Structure formats: C-alpha cells, structure tokens
Amino acid sequence: MAAERGLPAAALPGLEAQRRQVEGEGPEQPGRERPLRAGEKWYLLENHWYKQWRAYVESGDQNSISFPGRINNAELFEDTESYRLKDRLVEHEEYVLVPEEVWNKLVTWYGLEHDQPAIERKVVDLSSMQKVEVYLVELYLCQHSDMDNPVTAQFSRMDVIETVLKEARRQFSVPAEAETRLWVKNSDGSCERLRNLQMTVLDACLSSGQVVVMETRSKDGTWPSSRPHIMKNSLEDEELYQGQPGVCGLTNLGNTCFMNSALQCLSNVPPLTEYFLNNRYLDELNFNNPLGMKGEIAEAYADLIKQQWSGHHRSIVPRMFKTKVGHFASQFLGYQQHDSQELLSFLLDGLHEDLNRVKKKEYIELKDAAGRPDEEVAEEAWRNHKRRNHSIIVDIFHGLFKSTLVCPECGKVSVTFDPFCYLSAPLPISKDRVMEVFFVSMDPSKKPEQHRLIVPKAGKVLDLCHSLSRHTEVPAERMMVADVFSHRFYKIYQMEESLSCILDRDDIFIYEVSVSTLEDPATADAVVLPVYLRERTQGRDYSNTYYGVVLFGHPLLVSVPRDQLSWDSLYQLLLHRLSRYVTQPDSEEEEDPSEEDEEDLYNKRPNGLSEGEDEEEEETTAEGSTSQEPSSEAEENPSDASVGEEGAGVEGRPSPSPSPAPQQPPQSPQTPSSSPSPPTANQAKRKCCQKRRKLLFTLQAVNSNGTSDRTAAQDEGSTVSFNSQPYIAMDWDSNMRKRYYNEAEAEGYIKHDCMDFTPRKNPVRLQECLELFTTVETLEEENPWYCPTCKKHQLATKKLDLWSLPEILIIHLKRFSYTKFSREKLDTLVEFPVQDLDFSEFVIKPQKDTDPTLYKYDLIAVSNHYGGLRDGHYTTFARNKDSGTWFYFDDSSVSAVSKVQIESKAAYVLFYQRQDKIRHPVLLAAPSAAGSRDQDGGGGGGACCEPHPREQASRDFMDVD
C-alpha cells in the first residue's frame with residue numbers, strides 16, 4: 001500500500017512503533033507529551049492530518065485507506081505566497097505541537113508537501129513557565145537614512161538581537177565592512193539603543209509592531225544620529241576633507257584639557273587603537289559585568305577613536321564622551337579642572353571591565369609565598385589574575401611587581417606578586433624649602449624687608465627665625481612669627497610649631513621684639529601687644545552714637561615695658577612706632593580751642609574707656625587722660641619705650657641706646673621720617689600744659705579679630721591691665737586718617753639682597769625616580785600591615801620590585817605632593833630617554849640572554865602639565881603610529897614637532913612601548929593637514945600663529961581653560 005502511494009515501505013516502521021515514537025511511551029521514547037525545555041525547537045502540525053495519521057496507526061493495517069499521505073499544513077496559512085500564519089489558531093483544534101525529533105521522523109516517514117515551509121517555533125521561558133511561541137514577533141526594519149520605507153521581518157523571542165541586525169543588513173544590502181547598530185523606536189517617538197547583541201528579543205522587550213532602525217557609521221567615523229543639528233552640506237564638507245589619520249585635535253569644552261591630554265595619549269597607543277579600529281571590541285563587550293559600565297564607556301571611546309582616525313576631521317568635540325564619563329564617575333561632572341592621570345586611571349579601569357572576557361568572576365583565595373620559589377609564586381599570581389581579569393587592557397598594559405613586607409618585631413617576611421597598570425614614580429624631593437617672609441624691625445625708620453629663606457621642610461618655626469637671623473643679625477629668640485590676613489593676625493606661631501603648618505601662599509611677617517620669646521611671658525620685663533588699625537565711620541540710619549569700624553593697614557606687634565602700661569604711654573609709644581608714615585598736627589588750627597573739648601575727645605571715648613574722674617589730675621595729664629603722679633625716679637630716668645614690629649607696611653625699632661632720642665621737629669605727612677622717641681609721662685604733662693594737640697586716634701581693647709570691643713580692667717590710675725591676651729585697636733577718625741596717615745609709605749617695603757637669589761633645581765634622571773620606586777620604605781601609621789605571626793598591626797618595611805613588564809608601560813611622575821598640611825607641585829626637570837629606555841637593571845625576574853629587547857622601550861606619548869596646583873593646562877606630545885611623526889596636541893590645535901622638543905619640566909605621564917612591538921613605517925611626506933590646525937580648520941597661515949611648544953612651557957597658564 002505504501003509503495004502504491006510512492007513512499008518507500010522500508011522507511012516506515014511498524015504502526016505500533018510509530019505510535020510509541022510519536023506519542024511517547026516510557027523514558028526512552030518521550031514523544032510529543034514530554035515536558036518543554038526553554039530554547040528547544042517545536043513544530044506546528046495541522047490537526048486534521050494528525051488525526052488521520054493517528055487513525056491510520058491505530059487501525060493496525062498498513063494498507064488502510066486512512067493512510068495520511070504527505071504532511072500538509074496548508075490550512076494553517078493565510079496564503080501560499082507569504083505563508084503567514086493565520087491569526088488566533090487554537091491548539092488541539094487546528095494544530096498540535098510536536099518536538100523537533102518527532103517532526104523529523106514524521107517528515108522522514110511521510111514527507112512534506114512541496115514548497116511548504118516547516119512551521120518551526122521555539123520554547124520560551126515566561127515567568128518560570130515554558131511555552132511554545134506560536135506567533136513570532138513581527139518587527140518593522142528600516143534604515144536611519146530612509147525611515148519611511150520599512151520592511152517586515154519575524155523573529156523568535158529567543159533570537160538574539162544580533163540575528164535582527166544580520167537580517168536588517170541582509171534586507172538593505174549593507175557591505176560587510178560597514179559598521180552598523182540598532183535602535184528601537186518607542187511609542188512616544190523616542191529611540192533607545194540595542195547595545196547588547198547577545199540579548200534575546202524577549203529580554204529586550206521587543207514586541208510586534210515596533211520599528212527597529214539600523215544606523216550605519218559615516219565615513220568620518222561619526223554616527224548620523226549623534227549629529228542631527230549639523231546641516232547636510234556641512235557633513236559632506238567634513239567627509240570630503242582628507243587629513244592624516246590620528247592628527248586630530250579635541251575641542252576644549254571648558255577646563256577639559258586634562259581629558260583631552262589623556263585621550264590623545266591613549267589614542268596614540270598603537271595596539272589599543274587598532275583593536276578598536278578593527279572592531280574587535282564588538283565581540284568582547286561585556287554588558288553584564290557589575291563592575292563595568294554596561295559597555296557604554298567602551299563604545300563611547302570607540303566612537304571617539306574612529307572619528308580621530310578617520311582622517312576626515314581637523315578637530316572634534318568630545319561632548320558625548322565627557323557626558324558618559326560624568327555619568328559613571330561623578331567626580332568628573334561639571335567643568336572643574338581635574339588631573340589627567342586620574343582620568344587615565346578611571347578610563348583604563350572602565351575599558352577593562354567593559355571588555356573583560358571573563359563573564360563570571362570566580363572567587364580566588366590569595367596565597368602567601370610561604371618560602372616557595374619566586375617563579376612559582378609569580379606564575380600562580382598571574383594565572384589567578386587572568387582567571388578574573390582578561391581583556392585587551394590586561395594584554396597591553398598590565399605587568400607584575402613583587403611586594404616584600406618585613407615585620408619589624410618578629411622578622412616575618414611576606415612576599416606577594418601583584419598586577420599593576422602603571423607605575424607611579426616619586427621624584428627626589430629636596431629636604432629644604434624656600435620661604436618668603438617680611439621682616440619688621442623695631443626701628444620705626446626702617447621699612448619692612450622681604451627675605452627669601454632656605455629652611456628644612458621638617459623644621460620648626462624656630463628654624464625659620466634662625467635662618468632670618470643670619471640675614472638680620474637679630475637673635476632668633478627676639479622674633480615673633482605671624483600670619484597676616486585681611487589686616488589682622490590670622491595666627492601667631494609658637495617657636496615649636498612645625499613649618500608644615502605654614503603654606504606657601506600665606507603672608508608671613510616676622511617681628512623683632514624687645515623680649516626673648518623663649519622665656520616665660522609672665523616674668524618678662526615687657527608685654528608684646530598685638531595692635532590693629534581701625535577707621536571709625538558713623539553708621540547710616542542709626543543714632544549719632546553708633547559707629548562702625550573698618551580695619552586697614554597692617555597690624556603691629558608692639559613691645560611695651562611693664563612700667564609703661566598706661567594709656568598715655570601706649571599712645572606715645574604708638575605715635576613713635578608709626579612716626580615713619582604718621583605725623584602730628586603742628587599748626588594753630590589743629591590745636592584744641594579749650595581743655596573741655598580736649599577732655600571730651602580723650603576721656604569720653606566711644607569705647608567708654610575713661611581713664612579717671614579726678615578733674616585736677618585731668619588738668620595736668622598729657623592728652624587729657626588720667627594718670628598717677630610718677631615717682632621722682634621715673635622723672636630722672638625716662639623709660640625706654642620699646643615698640644614691637646608692625647604689619648606689612650609698618651616697621652622699625654628705636655635706637656638701641658637706653659636713653660631716648662632727642663626730639664625732632666614734626667614732619668609733614670608728605671615727608672615721613674624718623675620720629676622722636678616717646679616722651680615720658682612727666683614730659684607729656686609739661687608739653688600738654690603749654691599746648692594741647694588733637695588726638696590722631698583713640699585706643700580700645702578688642703577681641704582677636706579686631707571687630708568687637710572689650711572692656712579692659714582698670715584701677716583708679718591709668719595703668720592698663722588685662723585678664724587675657726590683650727589686643728589693642730587704634731581707632732582713627734576718617735578725616736584724621738586722611739590728613740595724617742601716609743598710605744603709600746605705610747604699605748612700602750624693600751627687598752633684601754637674598755630676593756635676587758633663585759635656588760637652582762638640578763635635573764634628575766628617570767632612572768633615579770625608578771630607583772626611588774624600588775627603595776625600601778616604612779609603612780605609615782594610617783596604613784599598617786597585619787602580621788600573622790605577631791597577630792597585630794605593624795609598621796612593616798615594604799619594598800617593591802618589578803617582576804614583568806607589559807607591552808605599553810605607563811610611568812606617572814608624582815609631581816603633586818600632598819601632606820596633612822601642605823600641597824605642592826614639583827617642577828623638577830626629569831630627563832627621560834625618547835629611545836632605548838633599558839629596564840633590565842630594574843626587572844628581577846630571571847632574564848634570558850636571547851631576548852634583550854624585552855626590556856628596552858621607546859617613548860610614544862607624553863601628557864604635560866603646565867602651571868600650579870589650583871590652575872594649569874594639559875597638553876600632549878605623541879608619536880603617530882602610521883607615520884612615526886611626533887605631534888604636539890594642545891586641545892583643538894595640532895602641530896608637528898621634533899624629538900628634541902619633547903623633554904620639559906611639564907612632563908607628567910610618560911607612555912613607553914616595548915621596542916620589539918614597535919612598527920617602524922616608511923616615512924611619507926606629511927600632508928598639509930599635519931601642520932598647525934585649529935578647530936576652524938585654518939590653512940597654512942594658521943601655523944605662524946601657533947606658539948612653539950617650548951614657548952608654551954614658559955608662558956603664564958593661569959586660568960588658561
């Protein structure tokens with residue numbers, strides 16, 4: 001019967017055997033009733049044909065008229081052209097499902113109607129429930145350049161997005177070398193990238209009716225969707241431009257020169273750039289790494305590299321890349337200045353995790369050497385590292401160093417081998433420090449002197465005074481050091497304080513005083529009073545009794561003998577101290593018309609410091625203030641009114657002679673000069689009885705900021721006493737200050753000869769920095785090592801040695817020094833070779849005589865930093881991998897340079913490539929694009945406007961960005 005129907009009888013097993021294999025009977029023949037498994041293939045079988053087959057096998061007669069014939073699913077299709085499945089088909093009524101193995105047997109036994117496709121479907125996992133997807137996801141595919149003409153394609157929910165991409169490329173005949181990517185268009189009109197090509201249609205949440213857009217990368221390396229605001233003719237002009245690949249500037253977006261410098265260095269690392277240009281990264285994007293960035297950093301960097309090396313750009317705007325960096329590293333958000341090495345570290349780590357070939361990292365317990373040979377321990381450490389970290393970054397940049405820790409107590413030695421991505425090499429730091437200070441003499445006729453001193457970095461304030469003493473011959477113990485800020489003493493230092501507390505930007509004044517600062521102030525013969533200068537101004541919208549104060553000038557430190565602690569004497573002492581730039585009234589108009597007015601001026605001060613109530617004493621007291629009658633001894637021996645130094649504009653000391661200087665005629669404000677020594681109280685009385693002059697200022701006890709008045713404890717006399725450290729304010733009336741205070745003279749100073757001396761910094765060799773890197777050091781208290789033998793943390797000694805080096809070796813010169821109290825940049829010139837840097841003396845791994853080139857490196861890029869800590873500018877020197885020509889990258893400007901221009905004090909991060917890996921191209925004539933270029937793409941005329949790189953190093957880079 002089978003033979004009569006054209007089917008080979010030998011191909012048909014027995015009817016009962018067919019039934020068991022199709023329907024299933026026992027574990028060996030599960031049949032179509034077996035459970036579904038996600039991802040496997042099942043087939044739709046027309047129910048009418050299936051029922052007839054079942055009747056045939058149940059009849060037991062192979063020659064029965066119920067023989068089903070060829071499989072025919074025609075009733076399941078809408079038409080025989082598209083073979084589109086009818087809508088709303090019902091299982092067991094219109095079709096049944098059979099697994100792949102059953103379908104293949106039925107087709108082998110009975111055949112399939114000619115030209116009919118098999119209705120293959122996959123099992124999908126929906127919320128832990130397996131189900132055969134009868135109806136596929138129908139998507140509309142279109143190109144970004146032609147979104148009005150979509151084509152329809154069906155996909156299983158278990159198909160990966162790469163299948164969708166391949167179908168789109170096939171439908172639109174995209175060349176194999178063209179790079180494409182997919183977007184899905186949402187119902188609100190927005191588009192979302194389909195990044196992970198290995199994600200299923202189900203996981204990507206694609207549903208029937210959605211539009212999937214395929215985008216093709218332009219010739220200039222850009223994606224059309226990333227530049228929607230650029231006009232078509234502008235795009236055409238950009239694509240028509242042809243320059244040297246890689247010779248492309250990066251626009252400064254605002255303080256982003258640090259990012260541009262790091263990117264230009266990495267862009268000129270040949271193996272990394274070729275990895276991206278050849279699209280090898282597409283197969284290694286790791287979208288599921290919890291330590292990564294979902295592949296977005298790698299893709300953003302790839303876009304940048306393709307644009308830079310397309311040869312169609314003079315300069316590009318890295319805005320999208322900066323946005324991605326800020327999204328994943330909040331420290332780089334905004335437009336503040338940052339460090340190129342910090343960005344480089346983040347970028348290398350981000351690229352590594354985004355491209356890590358290890359999809360699931362296993363836990364690996366670290367083991368100590370425990371006396372094993374170094375070769376064995378190092379091989380084990382590198383093998384364990386590669387089990388968790390395997391990427392192009394590891395292949396190119398990672399090396400291995402040996403770390404040896406020794407416990408200072410028990411002598412326990414711990415040896416480990418750790419991977420590194422770059423070397424942070426310290427610079428030899430001088431133990432000395434240069435400080436600039438102002439010295440204020442006790443002689444009121446002398447202006448302050450500016451000195452440049454060399455002091456030990458780890459020294460104390462006393463060391464600073466000793467250094468100044470060698471210039472001035474004033475004993476160090478008769479100096480006081482103060483930080484002056486905003487017309488007041490920000491801090492007065494003690495001799496035992498560390499110099500690290502003083503920053504280079506601080507304004508430091510060193511005052512000569514008459515007493516030793518090393519003795520007990522309570523027993524000293526004199527008291528050192530800090531004195532501020534204030535101007536009293538009547539407040540607006542207040543009563544006439546309200547006064548506001550404004551500090552001006554430089555504060556003073558005045559040495560006052562204890563027997564001269566009266567308001568009268570202090571007033572005369574301060575007049576003497578300020579005599580270089582303050583004069584007294586000398587005309588009839590400036591004499592007080594009455595004693596009553598004088599008393600009101602002096603006794604009824606705004607601060608309420610009346611010196612007494614005795615009218616008889618007031619009549620005989622100088623300047624109208626109250627004082628007790630001095631003893632005859634005081635009359636015969638007038639006191640020497642020693643006055644301390646003053647602020648930035650106030651300096652001088654009285655004559656060293658114990659007797660006061662003779663009286664000098666008053667000086668006009670225009671010709672300030674040395675003033676007479678302060679008179680004693682009796683002299684002041686006699687002078688006052690003849691003629692009284694107006695007070696230039698009044699005195700007031702204040703707080704340390706000079707803003708709030710304090711009440712000084714007084715007895716019935718004029719002696720001034722304080723319960724705590726006194727601060728005195730000299731309150732000036734605005735008119736009096738304007739007439740008798742010489743502002744220009746007060747602010748004047750002179751430079752000592754030492755200011756002409758500039759300490760020369762000798763250059764250091766890069767090898768010296770590497771030697772420092774491998775020097776034994778003691779761990780800091782903040783980072784101790786836990787000794788397994790002592791069972792406690794120890795300040796162990798640590799030594800790092802290089803074991804193996806990568807193909808690309810990054811050396812970070814630690815120019816920025818940070819301590820608890822100071823931050824500084826070291827501008828030492830580091831001499832580094834452009835070619836033949838030999839590491840054989842630093843690598844402790846046993847070397848082979850046959851491969852000496854494994855330890856020789858050539859320079860390929862340098863990140864430069866000009867300026868200081870708070871401001872600066874980053875640029876790049878880099879060797880083009882195709883031409884071998886060196887270029888200078890300064891944001892959007894690029895110019896060719898020679899090798900001799902590369903070495904400078906600005907060198908910050910060095911990139912070296914192993915010699916055996918360097919490709920030496922045949923040098924070609926540089927195209928016109930290799931010259932100086934800017935963002936606007938100027939011609940040859942622009943080159944003459946470019947500063948020479950050496951000139952760049954010397955110009956002021958303050959606020960460059």
# chains A, B, ... in the order shown; residues from 1 in each chain; ligands from 1
$ closest_atom_pairs --of "stretch 311-366 of chain A" --to "stretch 902-917 of chain A" --cutoff "12 Å" --atoms "only C-alpha atoms" --output "tab-separated table"
residue	atom	partner	partner_atom	distance
A:Asp339	CA	A:Tyr908	CA	10.2
A:Ser340	CA	A:Val909	CA	8.4
A:Gln341	CA	A:Val909	CA	7.0
A:Glu342	CA	A:Val909	CA	10.8
A:Leu343	CA	A:Val909	CA	11.8
A:Leu344	CA	A:Val909	CA	9.7
A:Ser345	CA	A:Val909	CA	11.4
$ residues_around --residues "A:Pro426" --least-positions-apart "4" --cutoff "10 Å" --atoms "only C-alpha atoms" --output "ChimeraX atom specification"
/A:766,768-773,812-817
$ closest_residue --among "A:Leu285, A:Val413, A:Met259, A:Val440" --to "A:Pro318" --atoms "only C-alpha atoms"
A:Met259
$ atom_distance --atom1 "atom CA of A:Val764" --atom2 "atom CA of A:Val830"
5.0 Å
$ atom_distance --atom1 "atom CA of A:Cys265" --atom2 "atom CA of A:Ile860"
8.3 Å
$ closest_residue --among "A:His338, A:Arg20, A:Arg54, A:Arg88" --to "A:Gly872" --atoms "only C-alpha atoms"
A:His338
$ residues_around --residues "A:Glu375" --least-positions-apart "4" --cutoff "12 Å" --atoms "only C-alpha atoms" --output "number ranges by chain"
A: 369, 371, 379-382, 400, 402, 416-417, 803-804, 844-847
$ residues_around --residues "A:Met730" --least-positions-apart "5" --cutoff "10 Å" --atoms "only C-alpha atoms" --output "list in words"
Val531, Tyr532, Leu533, Arg534, Glu535, Arg536, Leu551, Pro555, Tyr571, Leu574, Leu696, Phe697, Thr698, Leu699, Gln700, Ala701, Val702 and Gly706 of chain A
$ atom_distance --atom1 "atom CA of A:Val560" --atom2 "atom CA of A:Asp525"
8.7 Å
$ residues_around --residues "A:Arg121" --least-positions-apart "6" --cutoff "9 Å" --atoms "only C-alpha atoms" --output "compact mmCIF listing (two decimals) with all heavy atoms, in the first residue's frame"
# COMPACT_ATOMS: atom_id res chain seq x y z
N GLU A 40 14.46 25.03 23.03
CA GLU A 40 14.40 23.97 22.02
C GLU A 40 13.34 24.27 20.97
O GLU A 40 12.46 25.12 21.17
CB GLU A 40 14.12 22.63 22.70
CG GLU A 40 12.74 22.53 23.33
CD GLU A 40 12.53 21.18 23.98
OE1 GLU A 40 13.43 20.33 23.89
OE2 GLU A 40 11.47 20.98 24.60
N LYS A 41 13.41 23.52 19.86
CA LYS A 41 12.51 23.76 18.72
C LYS A 41 11.33 22.79 18.76
O LYS A 41 11.52 21.58 18.96
CB LYS A 41 13.27 23.61 17.41
CG LYS A 41 14.41 24.59 17.21
CD LYS A 41 15.18 24.30 15.93
CE LYS A 41 16.34 25.25 15.77
NZ LYS A 41 17.13 24.95 14.54
N TRP A 42 10.13 23.32 18.52
CA TRP A 42 8.93 22.54 18.33
C TRP A 42 8.29 22.98 17.00
O TRP A 42 8.57 24.08 16.51
CB TRP A 42 7.95 22.74 19.49
CG TRP A 42 8.38 21.98 20.74
CD1 TRP A 42 9.51 22.14 21.45
CD2 TRP A 42 7.65 20.93 21.37
NE1 TRP A 42 9.56 21.27 22.51
CE2 TRP A 42 8.42 20.50 22.48
CE3 TRP A 42 6.42 20.30 21.13
CZ2 TRP A 42 8.00 19.48 23.34
CZ3 TRP A 42 6.01 19.29 21.98
CH2 TRP A 42 6.79 18.87 23.07
N TYR A 43 7.40 22.10 16.47
CA TYR A 43 6.81 22.37 15.15
C TYR A 43 5.29 22.26 15.23
O TYR A 43 4.76 21.44 15.99
CB TYR A 43 7.35 21.40 14.10
CG TYR A 43 8.80 21.63 13.77
CD1 TYR A 43 9.81 21.18 14.63
CD2 TYR A 43 9.15 22.32 12.62
CE1 TYR A 43 11.15 21.41 14.32
CE2 TYR A 43 10.49 22.54 12.30
CZ TYR A 43 11.48 22.08 13.17
OH TYR A 43 12.80 22.32 12.87
N LEU A 44 4.64 23.12 14.44
CA LEU A 44 3.19 23.06 14.34
C LEU A 44 2.80 22.00 13.28
O LEU A 44 3.37 21.98 12.18
CB LEU A 44 2.61 24.41 13.93
CG LEU A 44 2.27 25.39 15.07
CD1 LEU A 44 3.56 25.89 15.74
CD2 LEU A 44 1.44 26.56 14.56
N VAL A 132 5.56 27.25 24.08
CA VAL A 132 5.94 27.36 22.67
C VAL A 132 5.31 28.63 22.10
O VAL A 132 4.10 28.83 22.22
CB VAL A 132 5.49 26.12 21.89
CG1 VAL A 132 5.84 26.30 20.39
CG2 VAL A 132 6.12 24.86 22.44
N GLU A 133 6.16 29.46 21.50
CA GLU A 133 5.64 30.69 20.91
C GLU A 133 5.11 30.38 19.50
O GLU A 133 5.86 30.16 18.57
CB GLU A 133 6.73 31.78 20.85
CG GLU A 133 7.99 31.36 20.14
CD GLU A 133 8.92 32.53 19.89
OE1 GLU A 133 8.51 33.67 20.17
OE2 GLU A 133 10.03 32.30 19.40
N VAL A 134 3.82 30.33 19.41
CA VAL A 134 3.20 30.03 18.12
C VAL A 134 3.32 31.21 17.18
O VAL A 134 3.61 31.06 15.99
CB VAL A 134 1.72 29.63 18.34
CG1 VAL A 134 1.04 29.43 16.98
CG2 VAL A 134 1.63 28.37 19.18
N TYR A 135 3.10 32.38 17.72
CA TYR A 135 3.16 33.58 16.90
C TYR A 135 4.48 34.31 17.18
O TYR A 135 4.79 34.63 18.33
CB TYR A 135 1.97 34.49 17.18
CG TYR A 135 0.68 33.90 16.69
CD1 TYR A 135 -0.16 33.20 17.55
CD2 TYR A 135 0.32 34.02 15.35
CE1 TYR A 135 -1.33 32.64 17.09
CE2 TYR A 135 -0.85 33.46 14.88
CZ TYR A 135 -1.69 32.76 15.74
OH TYR A 135 -2.84 32.20 15.28
N LEU A 136 5.27 34.62 16.17
CA LEU A 136 6.55 35.29 16.28
C LEU A 136 6.37 36.79 16.47
O LEU A 136 5.29 37.33 16.27
CB LEU A 136 7.40 35.02 15.04
CG LEU A 136 7.72 33.56 14.75
CD1 LEU A 136 8.52 33.44 13.46
CD2 LEU A 136 8.48 32.92 15.91
N SER A 156 11.88 35.03 16.47
CA SER A 156 11.51 34.35 17.70
C SER A 156 11.93 35.20 18.89
O SER A 156 12.90 35.96 18.82
CB SER A 156 12.21 32.99 17.78
OG SER A 156 12.13 32.46 19.07
$ select_by_dssp --residues "stretch 161-215 of chain A" --states "strand (DSSP E)" --output "list of chain:residue names"
A:Thr180, A:Arg181, A:Leu182, A:Trp183, A:Val184, A:Lys185, A:Cys191, A:Glu192, A:Arg193, A:Val211, A:Val212, A:Val213, A:Met214, A:Glu215
$ write_last_selection --atoms "N, CA, C and O atoms" --output "PDB file, in the first residue's frame"
ATOM      1  N   THR A 180      27.447  48.904  11.746  1.00  0.00           N
ATOM      2  CA  THR A 180      26.054  49.286  11.954  1.00  0.00           C
ATOM      3  C   THR A 180      25.667  49.084  13.412  1.00  0.00           C
ATOM      4  O   THR A 180      26.337  48.367  14.162  1.00  0.00           O
ATOM      5  N   ARG A 181      24.568  49.705  13.794  1.00  0.00           N
ATOM      6  CA  ARG A 181      23.996  49.489  15.122  1.00  0.00           C
ATOM      7  C   ARG A 181      22.493  49.696  15.032  1.00  0.00           C
ATOM      8  O   ARG A 181      21.991  50.282  14.060  1.00  0.00           O
ATOM      9  N   LEU A 182      21.770  49.205  16.046  1.00  0.00           N
ATOM     10  CA  LEU A 182      20.304  49.203  16.018  1.00  0.00           C
ATOM     11  C   LEU A 182      19.726  50.103  17.104  1.00  0.00           C
ATOM     12  O   LEU A 182      20.287  50.235  18.197  1.00  0.00           O
ATOM     13  N   TRP A 183      18.585  50.690  16.759  1.00  0.00           N
ATOM     14  CA  TRP A 183      17.779  51.462  17.696  1.00  0.00           C
ATOM     15  C   TRP A 183      16.351  50.946  17.621  1.00  0.00           C
ATOM     16  O   TRP A 183      15.886  50.549  16.552  1.00  0.00           O
ATOM     17  N   VAL A 184      15.650  50.947  18.738  1.00  0.00           N
ATOM     18  CA  VAL A 184      14.237  50.611  18.733  1.00  0.00           C
ATOM     19  C   VAL A 184      13.455  51.884  19.017  1.00  0.00           C
ATOM     20  O   VAL A 184      13.788  52.657  19.923  1.00  0.00           O
ATOM     21  N   LYS A 185      12.418  52.103  18.224  1.00  0.00           N
ATOM     22  CA  LYS A 185      11.619  53.311  18.361  1.00  0.00           C
ATOM     23  C   LYS A 185      10.437  53.033  19.270  1.00  0.00           C
ATOM     24  O   LYS A 185       9.648  52.115  19.030  1.00  0.00           O
ATOM     25  N   CYS A 191      13.963  57.055  20.870  1.00  0.00           N
ATOM     26  CA  CYS A 191      14.707  55.878  20.412  1.00  0.00           C
ATOM     27  C   CYS A 191      15.667  55.404  21.500  1.00  0.00           C
ATOM     28  O   CYS A 191      16.219  56.213  22.250  1.00  0.00           O
ATOM     29  N   GLU A 192      15.861  54.094  21.559  1.00  0.00           N
ATOM     30  CA  GLU A 192      16.729  53.501  22.574  1.00  0.00           C
ATOM     31  C   GLU A 192      17.676  52.507  21.898  1.00  0.00           C
ATOM     32  O   GLU A 192      17.260  51.725  21.037  1.00  0.00           O
ATOM     33  N   ARG A 193      18.976  52.612  22.272  1.00  0.00           N
ATOM     34  CA  ARG A 193      19.967  51.753  21.651  1.00  0.00           C
ATOM     35  C   ARG A 193      19.791  50.295  22.077  1.00  0.00           C
ATOM     36  O   ARG A 193      19.525  49.990  23.235  1.00  0.00           O
ATOM     37  N   VAL A 211       9.202  49.460  15.579  1.00  0.00           N
ATOM     38  CA  VAL A 211      10.108  49.830  14.495  1.00  0.00           C
ATOM     39  C   VAL A 211      11.543  49.733  15.008  1.00  0.00           C
ATOM     40  O   VAL A 211      11.880  50.301  16.053  1.00  0.00           O
ATOM     41  N   VAL A 212      12.381  49.009  14.270  1.00  0.00           N
ATOM     42  CA  VAL A 212      13.800  48.892  14.596  1.00  0.00           C
ATOM     43  C   VAL A 212      14.589  49.590  13.498  1.00  0.00           C
ATOM     44  O   VAL A 212      14.440  49.269  12.313  1.00  0.00           O
ATOM     45  N   VAL A 213      15.403  50.575  13.907  1.00  0.00           N
ATOM     46  CA  VAL A 213      16.148  51.401  12.961  1.00  0.00           C
ATOM     47  C   VAL A 213      17.597  50.942  12.930  1.00  0.00           C
ATOM     48  O   VAL A 213      18.240  50.809  13.979  1.00  0.00           O
ATOM     49  N   MET A 214      18.118  50.698  11.737  1.00  0.00           N
ATOM     50  CA  MET A 214      19.528  50.365  11.575  1.00  0.00           C
ATOM     51  C   MET A 214      20.285  51.611  11.131  1.00  0.00           C
ATOM     52  O   MET A 214      19.899  52.286  10.175  1.00  0.00           O
ATOM     53  N   GLU A 215      21.381  51.887  11.831  1.00  0.00           N
ATOM     54  CA  GLU A 215      22.183  53.080  11.550  1.00  0.00           C
ATOM     55  C   GLU A 215      23.572  52.640  11.087  1.00  0.00           C
ATOM     56  O   GLU A 215      24.169  51.734  11.666  1.00  0.00           O
TER      57      GLU A 215
END
$ closest_residue --among "A:Gln210, A:Gly189, A:Val160, A:Gln794" --to "A:Leu141" --atoms "only C-alpha atoms"
A:Gln210
$ residues_around --residues "A:Phe889" --least-positions-apart "2" --cutoff "8 Å" --atoms "only C-alpha atoms" --output "list in words"
Gly249, Ser261, Gln264, Thr875, Thr876, Phe877, Ala878, Phe887, Asp891, Ser892, Ser893, Val894 and Ser895 of chain A
$ select_by_dssp --residues "stretch 291-525 of chain A" --states "helix (DSSP H, G or I)" --output "PyMOL selection string"
chain A and resi 296-308+319-328+330-332+340-354+374-388+392-397+461-472+476-478+499-501+521-523
$ closest_residue --among "A:Ser500, A:Asn260, A:Ser190, A:Ser128" --to "A:Ala38" --atoms "only C-alpha atoms"
A:Ser128
$ residues_around --residues "A:Ile508" --least-positions-apart "6" --cutoff "12 Å" --atoms "only C-alpha atoms" --output "ChimeraX atom specification"
/A:435-440,448-453,461,464-465,480-485,488-493,499,501-502,554,647-648
$ decode --residues "stretch 450-488 of chain A" --atoms "C-alpha atoms" --output "JSON list (two decimals), in the first residue's frame"
[["chain", "number", "residue", "atom", "x", "y", "z"],
["A", 450, "GLN", "CA", 61.28, 90.93, 52.16],
["A", 451, "HIS", "CA", 63.55, 87.90, 52.57],
["A", 452, "ARG", "CA", 63.84, 84.59, 50.73],
["A", 453, "LEU", "CA", 64.98, 81.92, 53.18],
["A", 454, "ILE", "CA", 66.01, 78.28, 52.85],
["A", 455, "VAL", "CA", 64.69, 76.22, 55.76],
["A", 456, "PRO", "CA", 64.30, 72.48, 56.44],
["A", 457, "LYS", "CA", 60.92, 71.13, 55.27],
["A", 458, "ALA", "CA", 60.52, 69.19, 58.50],
["A", 459, "GLY", "CA", 61.75, 72.10, 60.61],
["A", 460, "LYS", "CA", 60.06, 74.26, 63.20],
["A", 461, "VAL", "CA", 59.22, 77.95, 63.38],
["A", 462, "LEU", "CA", 62.41, 78.48, 65.39],
["A", 463, "ASP", "CA", 64.43, 77.22, 62.39],
["A", 464, "LEU", "CA", 62.79, 79.89, 60.25],
["A", 465, "CYS", "CA", 63.83, 82.55, 62.76],
["A", 466, "HIS", "CA", 67.41, 81.20, 62.87],
["A", 467, "SER", "CA", 67.60, 81.42, 59.08],
["A", 468, "LEU", "CA", 66.36, 85.03, 59.13],
["A", 469, "SER", "CA", 68.74, 85.85, 61.98],
["A", 470, "ARG", "CA", 71.70, 85.13, 59.70],
["A", 471, "HIS", "CA", 70.45, 87.91, 57.39],
["A", 472, "THR", "CA", 69.47, 90.49, 60.01],
["A", 473, "GLU", "CA", 71.78, 89.72, 62.97],
["A", 474, "VAL", "CA", 68.72, 89.93, 65.21],
["A", 475, "PRO", "CA", 68.67, 86.98, 67.65],
["A", 476, "ALA", "CA", 66.09, 84.35, 66.73],
["A", 477, "GLU", "CA", 64.63, 84.39, 70.24],
["A", 478, "ARG", "CA", 63.76, 88.06, 69.78],
["A", 479, "MET", "CA", 61.44, 87.35, 66.86],
["A", 480, "MET", "CA", 57.76, 86.58, 66.64],
["A", 481, "VAL", "CA", 56.22, 84.93, 63.57],
["A", 482, "ALA", "CA", 52.67, 85.73, 62.46],
["A", 483, "ASP", "CA", 50.36, 85.02, 59.54],
["A", 484, "VAL", "CA", 48.74, 88.31, 58.50],
["A", 485, "PHE", "CA", 45.48, 88.14, 56.64],
["A", 486, "SER", "CA", 42.88, 90.82, 55.93],
["A", 487, "HIS", "CA", 44.53, 93.48, 58.18],
["A", 488, "ARG", "CA", 44.59, 91.19, 61.22]]
